[in-house]
Each structure stands twice: as structure tokens, then as C-alpha cells.
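Asker: Contents of query24.tsv (TSV, C-alpha atoms) are below:
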```tsv
chain	number	residue	atom	x	y	z
S	1	MET	CA	102.51	103.88	78.43
S	2	VAL	CA	103.31	100.68	80.30
S	3	PHE	CA	101.69	97.30	79.66
S	4	ALA	CA	102.08	94.14	81.74
S	5	CYS	CA	101.05	90.63	80.69
S	6	ASN	CA	101.82	87.05	81.68
S	7	GLU	CA	101.61	85.56	78.18
S	8	LYS	CA	104.96	85.71	76.37
S	9	GLU	CA	103.53	85.25	72.87
S	10	PHE	CA	100.95	88.00	73.40
S	11	GLY	CA	103.64	90.27	74.85
S	12	GLU	CA	105.82	89.79	71.80
S	13	GLU	CA	102.85	90.44	69.49
S	14	LEU	CA	102.01	93.57	71.47
S	15	LEU	CA	105.59	94.82	71.13
S	16	GLU	CA	105.37	94.36	67.38
S	17	ASP	CA	102.12	96.32	67.16
S	18	LEU	CA	103.39	99.10	69.43
S	19	SER	CA	106.49	99.56	67.28
S	20	LEU	CA	104.16	101.19	64.72
S	21	CYS	CA	103.06	103.82	67.26
S	22	GLU	CA	104.75	107.15	67.96
S	23	PHE	CA	104.37	107.26	71.75
S	24	ARG	CA	106.88	105.83	74.24
S	25	TYR	CA	105.99	102.44	75.67
S	26	LYS	CA	107.18	99.58	77.83
S	27	VAL	CA	105.90	95.98	77.86
S	28	ILE	CA	106.57	93.93	81.01
S	29	ILE	CA	106.20	90.15	80.67
S	30	PHE	CA	105.98	88.23	83.92
S	31	ASP	CA	105.20	84.77	85.32
S	32	ILE	CA	102.22	84.56	87.66
S	33	LYS	CA	103.09	83.69	91.25
S	34	MET	CA	100.29	82.34	93.41
S	35	PRO	CA	99.75	79.81	96.22
S	36	GLN	CA	99.29	76.16	95.26
S	37	TRP	CA	95.51	76.41	95.76
S	38	GLY	CA	95.25	79.61	93.71
S	39	ARG	CA	92.67	79.37	90.91
S	40	ASP	CA	91.27	82.85	90.41
S	41	ARG	CA	92.43	85.20	87.64
S	42	ILE	CA	92.81	87.92	90.29
S	43	TRP	CA	96.40	86.80	90.89
S	44	GLY	CA	97.44	87.72	87.36
S	45	ILE	CA	95.62	91.06	87.49
S	46	THR	CA	97.14	91.95	90.85
S	47	GLN	CA	100.65	91.00	89.80
S	48	ALA	CA	100.33	92.97	86.55
S	49	ARG	CA	99.43	96.10	88.51
S	50	GLU	CA	102.27	95.46	90.93
S	51	GLU	CA	104.78	95.10	88.08
S	52	ILE	CA	103.63	98.44	86.67
S	53	ARG	CA	103.76	100.06	90.12
S	54	ARG	CA	107.35	98.89	90.60
S	55	TYR	CA	108.27	100.30	87.19
S	56	ALA	CA	106.77	103.68	88.15
S	57	VAL	CA	108.82	103.65	91.35
S	58	GLN	CA	111.96	102.79	89.39
S	59	LYS	CA	111.36	105.68	87.00
S	60	ASN	CA	110.58	108.10	89.85
S	61	SER	CA	107.26	109.03	88.25
S	62	ASP	CA	105.07	111.70	89.83
S	63	TYR	CA	101.80	109.95	89.04
S	64	LEU	CA	100.63	106.47	88.11
S	65	ILE	CA	97.42	106.34	86.07
S	66	PHE	CA	95.62	103.07	85.35
S	67	LEU	CA	93.41	102.79	82.25
S	68	ASP	CA	91.75	99.40	81.73
S	69	CYS	CA	92.23	97.89	78.28
S	70	ASP	CA	88.54	96.99	77.83
S	71	MET	CA	87.45	100.61	78.27
S	72	ILE	CA	87.60	103.86	76.31
S	73	TYR	CA	87.51	107.28	77.94
S	74	GLY	CA	86.64	110.90	77.30
S	75	GLU	CA	89.58	112.84	75.90
S	76	ASN	CA	89.98	115.06	78.97
S	77	LEU	CA	90.14	112.30	81.58
S	78	ILE	CA	93.88	112.44	82.24
S	79	ASN	CA	93.88	116.23	82.47
S	80	ASP	CA	90.93	116.11	84.89
S	81	LEU	CA	92.65	113.50	87.07
S	82	VAL	CA	95.91	115.48	87.22
S	83	SER	CA	94.02	118.71	87.87
S	84	THR	CA	92.16	117.12	90.80
S	85	ALA	CA	95.41	115.68	92.17
S	86	GLY	CA	96.82	119.21	92.03
S	87	THR	CA	94.32	120.26	94.72
S	88	GLY	CA	96.16	118.04	97.20
S	89	LYS	CA	94.69	114.60	96.49
S	90	ASP	CA	96.83	111.46	96.57
S	91	VAL	CA	94.38	109.08	94.86
S	92	VAL	CA	91.74	110.16	92.35
S	93	TYR	CA	89.12	107.56	91.41
S	94	ASN	CA	87.12	107.99	88.23
S	95	GLY	CA	83.77	106.25	88.70
S	96	TYR	CA	82.72	103.91	85.89
S	97	LEU	CA	80.19	101.21	85.12
S	98	LEU	CA	81.04	97.61	85.84
S	99	LYS	CA	79.86	94.99	83.37
S	100	ASN	CA	76.85	94.33	85.62
S	101	GLY	CA	75.74	97.92	85.13
S	102	LYS	CA	76.63	99.15	88.63
S	103	VAL	CA	78.96	102.09	89.29
S	104	THR	CA	82.23	101.51	91.13
S	105	PHE	CA	84.35	104.17	92.81
S	106	ASN	CA	87.36	102.12	93.88
S	107	GLY	CA	88.29	100.30	90.68
S	108	PHE	CA	90.99	101.14	88.17
S	109	GLY	CA	88.97	102.30	85.17
S	110	GLY	CA	90.79	105.64	85.08
S	111	THR	CA	92.51	106.06	88.45
S	112	LEU	CA	95.40	108.34	89.40
S	113	ILE	CA	97.81	107.52	92.23
S	114	ALA	CA	100.41	110.03	93.43
S	115	LYS	CA	104.01	109.08	94.19
S	116	LYS	CA	103.46	109.44	97.94
S	117	ILE	CA	101.10	106.45	97.82
S	118	PHE	CA	102.33	104.18	95.00
S	119	SER	CA	105.90	104.35	96.29
S	120	SER	CA	104.87	102.61	99.51
S	121	VAL	CA	101.50	100.88	99.01
S	122	HIS	CA	101.78	97.55	97.18
S	123	PHE	CA	99.09	95.70	95.25
S	124	ARG	CA	97.89	92.50	96.86
S	125	CYS	CA	94.91	90.15	96.83
S	126	TYR	CA	93.54	87.19	98.77
S	127	GLU	CA	91.87	83.94	97.75
S	128	ALA	CA	90.21	81.66	100.27
S	129	LYS	CA	91.85	78.23	100.27
S	130	ASN	CA	88.80	76.00	100.23
S	131	LYS	CA	86.11	78.07	98.54
S	132	ASN	CA	85.59	80.33	95.55
S	133	ALA	CA	86.00	83.69	97.27
S	134	VAL	CA	88.52	86.50	96.82
S	135	VAL	CA	89.38	89.97	98.06
S	136	ASP	CA	90.49	91.80	94.94
S	137	GLU	CA	93.38	94.22	94.52
S	138	GLY	CA	91.02	97.20	94.22
S	139	LEU	CA	89.56	96.88	97.71
S	140	TYR	CA	92.94	96.06	99.25
S	141	PHE	CA	94.64	99.03	97.58
S	142	GLU	CA	91.91	101.43	98.68
S	143	LEU	CA	92.08	100.27	102.30
S	144	ASP	CA	95.88	100.19	102.38
S	145	SER	CA	96.06	103.70	100.95
S	146	ILE	CA	93.55	104.92	103.55
S	147	ASN	CA	95.74	103.43	106.27
S	148	ALA	CA	98.65	105.32	104.68
S	149	ASN	CA	96.72	108.58	105.26
S	150	SER	CA	95.90	109.03	101.60
S	151	ARG	CA	93.72	111.97	100.61
S	152	ILE	CA	91.16	110.48	98.21
S	153	SER	CA	88.85	112.10	95.67
S	154	ARG	CA	86.05	110.26	93.86
S	155	GLY	CA	83.92	111.43	90.99
S	156	ILE	CA	82.74	110.69	87.48
S	157	PHE	CA	85.16	113.02	85.76
S	158	ALA	CA	84.81	111.85	82.18
S	159	GLU	CA	82.70	109.73	79.88
S	160	SER	CA	83.72	106.08	79.76
S	161	CYS	CA	82.57	102.98	77.91
S	162	HIS	CA	83.20	99.55	79.42
S	163	TYR	CA	82.98	96.87	76.73
S	164	LEU	CA	81.01	93.68	77.35
S	165	ASN	CA	82.14	92.21	74.01
S	166	ASN	CA	83.42	93.61	70.71
S	167	LYS	CA	80.09	95.34	70.01
S	168	GLU	CA	78.27	96.05	73.29
S	169	PHE	CA	79.37	98.35	76.09
S	170	GLN	CA	78.21	100.09	79.26
S	171	GLN	CA	78.45	103.89	79.00
S	172	ILE	CA	78.43	106.52	81.72
S	173	LEU	CA	78.60	110.30	81.36
S	174	PRO	CA	80.14	112.80	83.81
S	175	ARG	CA	77.80	113.68	86.67
S	176	ARG	CA	77.73	114.49	90.36
S	177	LEU	CA	77.69	111.70	92.91
S	178	THR	CA	74.32	110.82	94.39
S	179	SER	CA	73.72	111.11	98.13
S	180	GLY	CA	73.80	107.31	98.38
S	181	GLU	CA	77.17	107.13	96.61
S	182	LYS	CA	78.60	109.83	98.86
S	183	SER	CA	77.36	107.98	101.93
S	184	LYS	CA	78.75	104.60	100.85
S	185	PHE	CA	82.19	106.06	100.15
S	186	SER	CA	82.30	108.61	102.96
S	187	PRO	CA	85.76	108.84	104.60
S	188	LEU	CA	84.37	107.68	107.95
S	189	CYS	CA	82.71	104.59	106.41
S	190	ARG	CA	85.81	103.60	104.46
S	191	LYS	CA	88.13	104.20	107.42
S	192	MET	CA	86.04	101.82	109.49
S	193	ILE	CA	86.39	99.13	106.83
S	194	ALA	CA	90.13	99.87	106.57
S	195	LEU	CA	90.52	98.78	110.19
S	196	PHE	CA	90.10	95.21	108.92
S	197	SER	CA	92.61	95.48	106.05
S	198	ASN	CA	94.69	92.63	107.50
S	199	LYS	CA	91.72	90.42	108.34
S	200	PRO	CA	90.81	88.87	104.96
S	201	LYS	CA	88.00	86.68	106.33
S	202	ILE	CA	86.18	89.79	107.54
S	203	LEU	CA	86.86	91.55	104.23
S	204	LEU	CA	85.31	88.59	102.41
S	205	ILE	CA	82.13	89.10	104.43
S	206	VAL	CA	82.18	92.85	103.71
S	207	SER	CA	82.71	92.18	99.98
S	208	THR	CA	79.87	89.64	99.90
S	209	ILE	CA	77.48	92.05	101.60
S	210	GLY	CA	78.56	94.83	99.25
S	211	LEU	CA	77.93	92.70	96.16
S	212	LYS	CA	74.47	91.77	97.43
S	213	LEU	CA	73.62	95.42	98.15
S	214	MET	CA	74.74	96.38	94.62
S	215	LYS	CA	71.94	94.23	93.20
S	216	TYR	CA	69.44	96.65	94.72
S	217	GLY	CA	71.47	99.85	94.34
```
Before anything else, please render the file you have as C-alpha cells.

Answerer:
Amino acid sequence: MVFACNEKEFGEELLEDLSLCEFRYKVIIFDIKMPQWGRDRIWGITQAREEIRRYAVQKNSDYLIFLDCDMIYGENLINDLVSTAGTGKDVVYNGYLLKNGKVTFNGFGGTLIAKKIFSSVHFRCYEAKNKNAVVDEGLYFELDSINANSRISRGIFAESCHYLNNKEFQQILPRRLTSGEKSKFSPLCRKMIALFSNKPKILLIVSTIGLKLMKYG
């Protein structure tokens, strides 16, 4: 397991706690790099994922699987992700509930990425200079992987609980995708959006519209 954080004291505390565990681990401590106007926490999240991606490349790993630290998962999730990847998929997204109660199918709450994609597709984000608006690393990675001819699978493969605080959480159980979910994430629809992967101002508009539609989804 690989962890990345930008707080040295927390990283050292994490190393101490992990020394009591039996599994193999690596803790990467990094300094956040962002433009002078950068304010959003997305820079730290994006760079943490990029540090882990680079480590996976260095170790010549076959798969990179992201599991968010504020979530717990059904015990068969990893096996299900690897099994689906074995059918010829390059990226396997496990759908999960965001903290607002809506389901996402391009986040990293249990996502597998094959070597073909993570060896060449980097994590990046964008923050508008004069307003509070960002394109997060999840949308960018999805679009960049589509442009890299990635074969993508989406589903709710395992139970997951996304914690709101230390007592409350959002839970979702495995199920089939609804017709609306299939339509929203159809290959044709996502390929059209991917055409604008290097036009962040347009992606900001797409993200804003998507967030508004989620309120009624």
C-alpha cells in the first residue's frame, strides 16, 4: 500500500503506526506545488495521486488501485476490479456516493488503472485565476485516458461507505446502473467532452452544468 501526504509530521506519525502492521507499505511525503494564485485543496489531492502514479511506474506495477481514506469497501472490491480488468478493460471505475448523496462514476473511491494508462496519463487539475472554480483531477484523468484510447468499465461492484464525519456515512450497495447513468457516461457522450480536455474554460462550464444537474438527478 502506498500513501502520499504533504504534511511531514503526519507522514512521520503514519509511518510509526504502519510499522505495527504486517503488510508492505510506502509513505511519500511531498511539498505542494501550485501557481501563486492557487487556493484550492485540489492541488494537494492531485499531486498526491501523481506521486503515487510515479511510484507505480517506477515499480513497474501491473495495476494501480486508488482507495480513498475516508471510505470503507466490501471485501471483494479489489478482486472484482482485477477480474473486470482481465476482460480487457484499462480503467475500472467503482461507483460510490459522494458526500452530497449523489453517485459518481469517475472518482477514485475504488478505481483500478492498468499500466497501459497510468504509465502515460498524468494527473492534473486547473484552478481559475480570478474566481473560485476548478477542474478536478478526476474529470481530467477520465478525459485524458479516453483520449489515450482507454477501454473503460463502470459499475457499482461492491458495497462502500463514504464517511461524512466519524459517525455518519453514505452507503451504497452493489447494483446495476440505471438507464440515466448509462446515458450520462456513454462512450459517445464522454468522448465528446474529451474533445475539450485542453480547454479548461469550457470544462469549467461543463462541470458547472453537471453539478447543477446532479441536484435533480

Asker: Could I get the residues of stretch 8-87 of chain S with an atom no further than 7 Å from an atom of stretch 155-171 of chain S, each paired with its nearest atom pair and that distance in Å to one decimal, using only C-alpha atoms, sorted by chain and residue number, as CSV?

Answerer:
```
residue,atom,partner,partner_atom,distance
S:Asp70,CA,S:Tyr163,CA,5.7
S:Met71,CA,S:His162,CA,4.5
S:Ile72,CA,S:Cys161,CA,5.4
S:Tyr73,CA,S:Ser160,CA,4.4
S:Gly74,CA,S:Glu159,CA,4.9
S:Asn76,CA,S:Ala158,CA,6.9
S:Leu77,CA,S:Ala158,CA,5.4
S:Asp80,CA,S:Phe157,CA,6.6
```

Asker: How far is it from atom CA of S:Arg53 to atom CA of S:Leu14, in Å with one decimal?

Answerer: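 One can read the atom CA of S:Arg53 to atom CA of S:Leu14 distance as 19.8 Å.
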
Asker: Tell me, in Å to one decimal, how far atom CA of S:Asn60 is from atom CA of S:Phe118.

Answerer: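 Calculated distance between atom CA of S:Asn60 and atom CA of S:Phe118 is 10.5 Å.
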
Asker: Do you have the atom CA of S:Arg24-atom CA of S:Met1 distance handy?

Answerer: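 Separation between atom CA of S:Arg24 and atom CA of S:Met1: 6.4 Å.
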
Asker: Within 12 Å of (92.8, 88.8, 104.0) (coordinates as in the file), grab all the protein and nucleic acid residues, counting all atoms listed in the file, and write them out as a ChimeraX atom specification.

Answerer: /S:124-129,133-137,139-140,143-144,194-207

Asker: Go ahead and find all residues with at least one atom no further than 12 Å from (92.1, 98.5, 81.9) in the file's coordinates, using all atoms listed in the file; report them as a list in words.

Answerer: Val2, Phe3, Ala4, Cys5, Ile45, Ala48, Arg49, Ile65, Phe66, Leu67, Asp68, Cys69, Asp70, Met71, Ile72, Tyr73, Tyr96, Leu98, Gly107, Phe108, Gly109, Gly110, Thr111, Ser160, Cys161, His162 and Tyr163 of chain S

Asker: Which is closer to S:Trp43 than all the others in S:Ser179, S:Gly95, S:Leu173, S:Asp31, using only C-alpha atoms?

Answerer: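 Answer, going by the shortest atom-to-atom distance: S:Asp31.
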
Asker: Could you tell me which of S:Ile29, S:Arg41, S:Val103, S:Arg176 comes closest to S:Leu15 if we count all atoms listed in the file?

Answerer: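 The shortest atom-to-atom distance to S:Leu15 comes from S:Ile29.
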
Asker: With all atoms listed in the file as the basis for distance, which of S:Lys131, S:Lys99, S:Lys115, S:Lys33 is at the shortest distance from S:Ser61?

Answerer: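 Of S:Lys131, S:Lys99, S:Lys115, S:Lys33, the one nearest S:Ser61 is S:Lys115, counting all atoms listed in the file.
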
Asker: From the options S:Ile146, S:Leu20, S:Ile209, S:Ile117, which residue's atoms come nearest to S:Ala56, counting all atoms listed in the file?

Answerer: S:Ile117

Asker: Between S:Met34, S:Phe105, S:Ser145, S:Ala114, which is the closest to S:Lys182 once you count all atoms listed in the file?

Answerer: S:Phe105

Asker: When distances are computed from all atoms listed in the file, which of S:Ser183, S:Thr208, S:Ser153, S:Ser19 shows the smallest separation from S:Thr87?

Answerer: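 Closest to S:Thr87, using all atoms listed in the file: S:Ser153.
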
Asker: Env of S:Glu12: 10 Å cut, atoms = all atoms listed in the file, seq-sep filter 5 positions within chain, self excluded. Answer as a PyMOL selection string.

Answerer: chain S and resi 7+17-18+27+29

Asker: Within 7 Å of S:Ile152, counting all atoms listed in the file, which residues show up once you throw out same-chain ones fewer than 4 positions away? Write them as a list in words, please.

Answerer: Lys89, Asp90, Val91 and Val92 of chain S
